[in-house]
file work.cif (mmCIF, C-alpha atoms)
data_model
#
loop_
_atom_site.label_atom_id
_atom_site.label_comp_id
_atom_site.auth_asym_id
_atom_site.auth_seq_id
_atom_site.Cartn_x
_atom_site.Cartn_y
_atom_site.Cartn_z
CA ARG N 1 90.06 53.89 -41.29
CA ALA N 2 88.88 53.80 -44.88
CA ASN N 3 86.41 56.28 -46.33
CA HIS N 4 86.32 55.11 -49.95
CA TRP N 5 86.38 51.76 -51.74
CA ASN N 6 89.83 52.24 -53.30
CA GLU N 7 91.29 53.24 -49.94
CA PHE N 8 89.65 50.16 -48.35
CA ILE N 9 91.21 47.81 -50.93
CA HIS N 10 94.61 49.52 -50.64
CA ILE N 11 94.67 49.06 -46.87
CA LEU N 12 93.63 45.41 -47.16
CA ASP N 13 96.32 44.77 -49.77
CA THR N 14 99.18 46.54 -47.99
CA LYS N 15 98.58 46.16 -44.24
CA ALA N 16 97.60 43.42 -41.85
CA GLY N 17 94.79 43.80 -39.34
CA PHE N 18 91.41 45.46 -39.27
CA VAL N 19 89.92 48.20 -41.43
CA SER N 20 87.29 50.49 -39.95
CA ALA N 21 84.75 51.49 -42.60
CA HIS N 22 81.11 52.48 -43.03
CA TRP N 23 78.65 49.78 -44.14
CA ASP N 24 74.98 50.30 -45.02
CA GLY N 25 73.82 47.46 -42.73
CA LYS N 26 72.50 45.20 -45.49
CA ALA N 27 73.48 41.52 -45.72
CA GLU N 28 73.64 41.77 -49.54
CA THR N 29 76.21 44.55 -49.27
CA GLU N 30 78.32 42.57 -46.81
CA GLU N 31 78.23 39.58 -49.20
CA LYS N 32 79.25 41.75 -52.18
CA ILE N 33 82.14 43.28 -50.18
CA LYS N 34 83.27 39.75 -49.31
CA GLU N 35 83.00 38.65 -52.94
CA LEU N 36 85.01 41.64 -54.22
CA SER N 37 87.62 41.96 -51.47
CA LYS N 38 87.71 38.63 -49.58
CA ALA N 39 87.13 40.68 -46.38
CA THR N 40 84.28 40.12 -43.94
CA ILE N 41 82.88 42.03 -41.01
CA ARG N 42 84.74 40.87 -37.91
CA CYS N 43 83.18 43.10 -35.31
CA ILE N 44 80.56 45.75 -34.73
CA PRO N 45 81.86 47.30 -31.51
CA LEU N 46 79.35 47.24 -28.67
CA HIS N 47 79.81 50.90 -27.76
CA ASN N 48 80.48 52.04 -31.31
CA GLU N 49 80.55 55.79 -31.87
CA GLN N 50 77.58 56.87 -33.97
CA GLU N 51 78.95 58.75 -36.96
CA GLU N 52 77.14 59.80 -40.12
CA GLY N 53 78.82 58.54 -43.28
CA VAL N 54 78.27 56.54 -46.44
CA CYS N 55 78.86 52.86 -47.15
CA ILE N 56 82.23 52.26 -48.80
CA LEU N 57 80.61 50.09 -51.48
CA THR N 58 77.09 51.39 -52.12
CA GLY N 59 77.35 55.03 -51.07
CA LYS N 60 74.14 54.61 -49.05
CA PRO N 61 73.85 56.30 -45.63
CA SER N 62 75.56 54.68 -42.66
CA LYS N 63 75.44 55.61 -39.00
CA GLU N 64 78.55 53.77 -37.79
CA ARG N 65 81.74 52.07 -38.82
CA VAL N 66 82.37 48.33 -38.56
CA LEU N 67 85.63 46.39 -38.56
CA PHE N 68 86.52 44.36 -41.65
CA ALA N 69 89.41 41.94 -42.12
CA ARG N 70 90.57 39.12 -44.34
CA ALA N 71 91.08 35.63 -42.98
CA TYR N 72 94.53 34.20 -43.65
#
call {"tool": "encode", "arguments": {"input": "work.cif", "output": "C-alpha cells"}}
result
Amino acid sequence: RANHWNEFIHILDTKAGFVSAHWDGKAETEEKIKELSKATIRCIPLHNEQEEGVCILTGKPSKERVLFARAY
C-alpha cells in the first residue's frame, strides 16, 4: 500500500509485485503515472473496499485503491 507519490516510487523500485494506491479515476492521470513511473493499472478489484483517500499523483479525491505494477 502506498499513500504518497514518493512511497509509491520507492515500492516500485525496491519490491516486485503490485502496489495498492488511490487514483482519481481519470485516464490522463493514469497516463501521467505510466509516463513518470513505468507502472500501469493492472486491476481494479471487483469487490474493492470503498475508502476515501486522495490520488497519489494529483491529490484529487479518490474513493478506492487500484493495483499498479510495472511490466518486466
call {"tool": "residues_around", "arguments": {"input": "work.cif", "residues": "segment 39-46 of chain N", "least_positions_apart": "2", "cutoff": "6 Å", "atoms": "all atoms listed in the file", "output": "list of chain:residue names"}}
result
N:Lys34, N:Ser37, N:Asn48, N:Val66, N:Leu67, N:Phe68, N:Ala69, N:Arg70
call {"tool": "resolve_selection", "arguments": {"input": "work.cif", "expression": "the PyMOL selection byres ((chain N and resi 54) around 12)", "output": "list in words"}}
result
Ala2, Asn3, His4, Trp5, Ala21, His22, Trp23, Asp24, Gly25, Glu51, Glu52, Gly53, Cys55, Ile56, Leu57, Thr58, Gly59, Lys60, Pro61, Ser62, Lys63, Glu64 and Arg65 of chain N
call {"tool": "axis_aligned_box", "arguments": {"input": "work.cif", "around": "segment 7-14 of chain N", "padding_each_side": "4 Å", "output": "AutoDock Vina command-line options"}}
result
--center_x 94.4 --center_y 49.0 --center_z -48.9 --size_x 17.5 --size_y 16.5 --size_z 12.1
call {"tool": "closest_residue", "arguments": {"input": "work.cif", "among": "N:Phe8, N:Arg1, N:Glu49, N:Tyr72", "to": "Leu36 of chain N", "atoms": "only C-alpha atoms"}}
result
N:Phe8
call {"tool": "atom_distance", "arguments": {"input": "work.cif", "atom1": "atom CA of Ala71 of chain N", "atom2": "atom CA of Lys32 of chain N"}}
result
16.2 Å
call {"tool": "atom_distance", "arguments": {"input": "work.cif", "atom1": "atom CA of Ile11 of chain N", "atom2": "atom CA of Lys38 of chain N"}}
result
12.8 Å
call {"tool": "atom_distance", "arguments": {"input": "work.cif", "atom1": "atom CA of Glu35 of chain N", "atom2": "atom CA of Leu12 of chain N"}}
result
13.9 Å
call {"tool": "build_atoms", "arguments": {"input": "work.cif", "residues": "segment 46-70 of chain N", "atoms": "N, CA and C atoms", "output": "compact mmCIF listing (two decimals), in the frame of the given file"}}
result
# COMPACT_ATOMS: atom_id res chain seq x y z
N LEU N 46 80.52 47.09 -29.52
CA LEU N 46 79.35 47.24 -28.67
C LEU N 46 79.02 48.70 -28.38
N HIS N 47 80.01 49.48 -28.06
CA HIS N 47 79.81 50.90 -27.76
C HIS N 47 80.36 51.75 -28.90
N ASN N 48 79.99 51.38 -30.11
CA ASN N 48 80.48 52.04 -31.31
C ASN N 48 79.99 53.49 -31.37
N GLU N 49 80.91 54.38 -31.70
CA GLU N 49 80.55 55.79 -31.87
C GLU N 49 79.62 55.94 -33.07
N GLN N 50 78.50 56.63 -32.86
CA GLN N 50 77.58 56.87 -33.97
C GLN N 50 78.13 58.03 -34.79
N GLU N 51 78.29 57.80 -36.07
CA GLU N 51 78.95 58.75 -36.96
C GLU N 51 78.28 58.68 -38.33
N GLU N 52 77.75 59.78 -38.79
CA GLU N 52 77.14 59.80 -40.12
C GLU N 52 78.21 59.58 -41.19
N GLY N 53 77.89 58.79 -42.18
CA GLY N 53 78.82 58.54 -43.28
C GLY N 53 78.09 57.82 -44.39
N VAL N 54 78.85 57.31 -45.33
CA VAL N 54 78.27 56.54 -46.44
C VAL N 54 79.01 55.22 -46.57
N CYS N 55 78.30 54.19 -46.95
CA CYS N 55 78.86 52.86 -47.15
C CYS N 55 79.99 52.92 -48.18
N ILE N 56 81.09 52.23 -47.89
CA ILE N 56 82.23 52.26 -48.80
C ILE N 56 81.93 51.63 -50.15
N LEU N 57 80.93 50.75 -50.22
CA LEU N 57 80.61 50.09 -51.48
C LEU N 57 79.42 50.74 -52.19
N THR N 58 78.32 50.94 -51.47
CA THR N 58 77.09 51.39 -52.12
C THR N 58 76.89 52.90 -52.12
N GLY N 59 77.56 53.59 -51.19
CA GLY N 59 77.35 55.03 -51.07
C GLY N 59 76.07 55.39 -50.32
N LYS N 60 75.37 54.37 -49.81
CA LYS N 60 74.14 54.61 -49.05
C LYS N 60 74.49 55.08 -47.64
N PRO N 61 73.58 55.78 -46.97
CA PRO N 61 73.85 56.30 -45.63
C PRO N 61 74.22 55.20 -44.63
N SER N 62 75.11 55.57 -43.73
CA SER N 62 75.56 54.68 -42.66
C SER N 62 75.69 55.50 -41.39
N LYS N 63 75.37 54.90 -40.27
CA LYS N 63 75.44 55.61 -39.00
C LYS N 63 76.64 55.23 -38.14
N GLU N 64 77.39 54.19 -38.57
CA GLU N 64 78.55 53.77 -37.79
C GLU N 64 79.51 52.98 -38.65
N ARG N 65 80.72 52.86 -38.17
CA ARG N 65 81.74 52.07 -38.82
C ARG N 65 81.75 50.66 -38.23
N VAL N 66 82.17 49.70 -39.03
CA VAL N 66 82.37 48.33 -38.56
C VAL N 66 83.80 47.94 -38.88
N LEU N 67 84.27 46.84 -38.32
CA LEU N 67 85.63 46.39 -38.56
C LEU N 67 85.63 45.23 -39.53
N PHE N 68 86.36 45.40 -40.63
CA PHE N 68 86.52 44.36 -41.65
C PHE N 68 87.93 43.80 -41.56
N ALA N 69 88.09 42.54 -42.00
CA ALA N 69 89.41 41.94 -42.12
C ALA N 69 89.32 40.74 -43.05
N ARG N 70 90.47 40.35 -43.56
CA ARG N 70 90.57 39.12 -44.34
C ARG N 70 91.05 38.01 -43.43
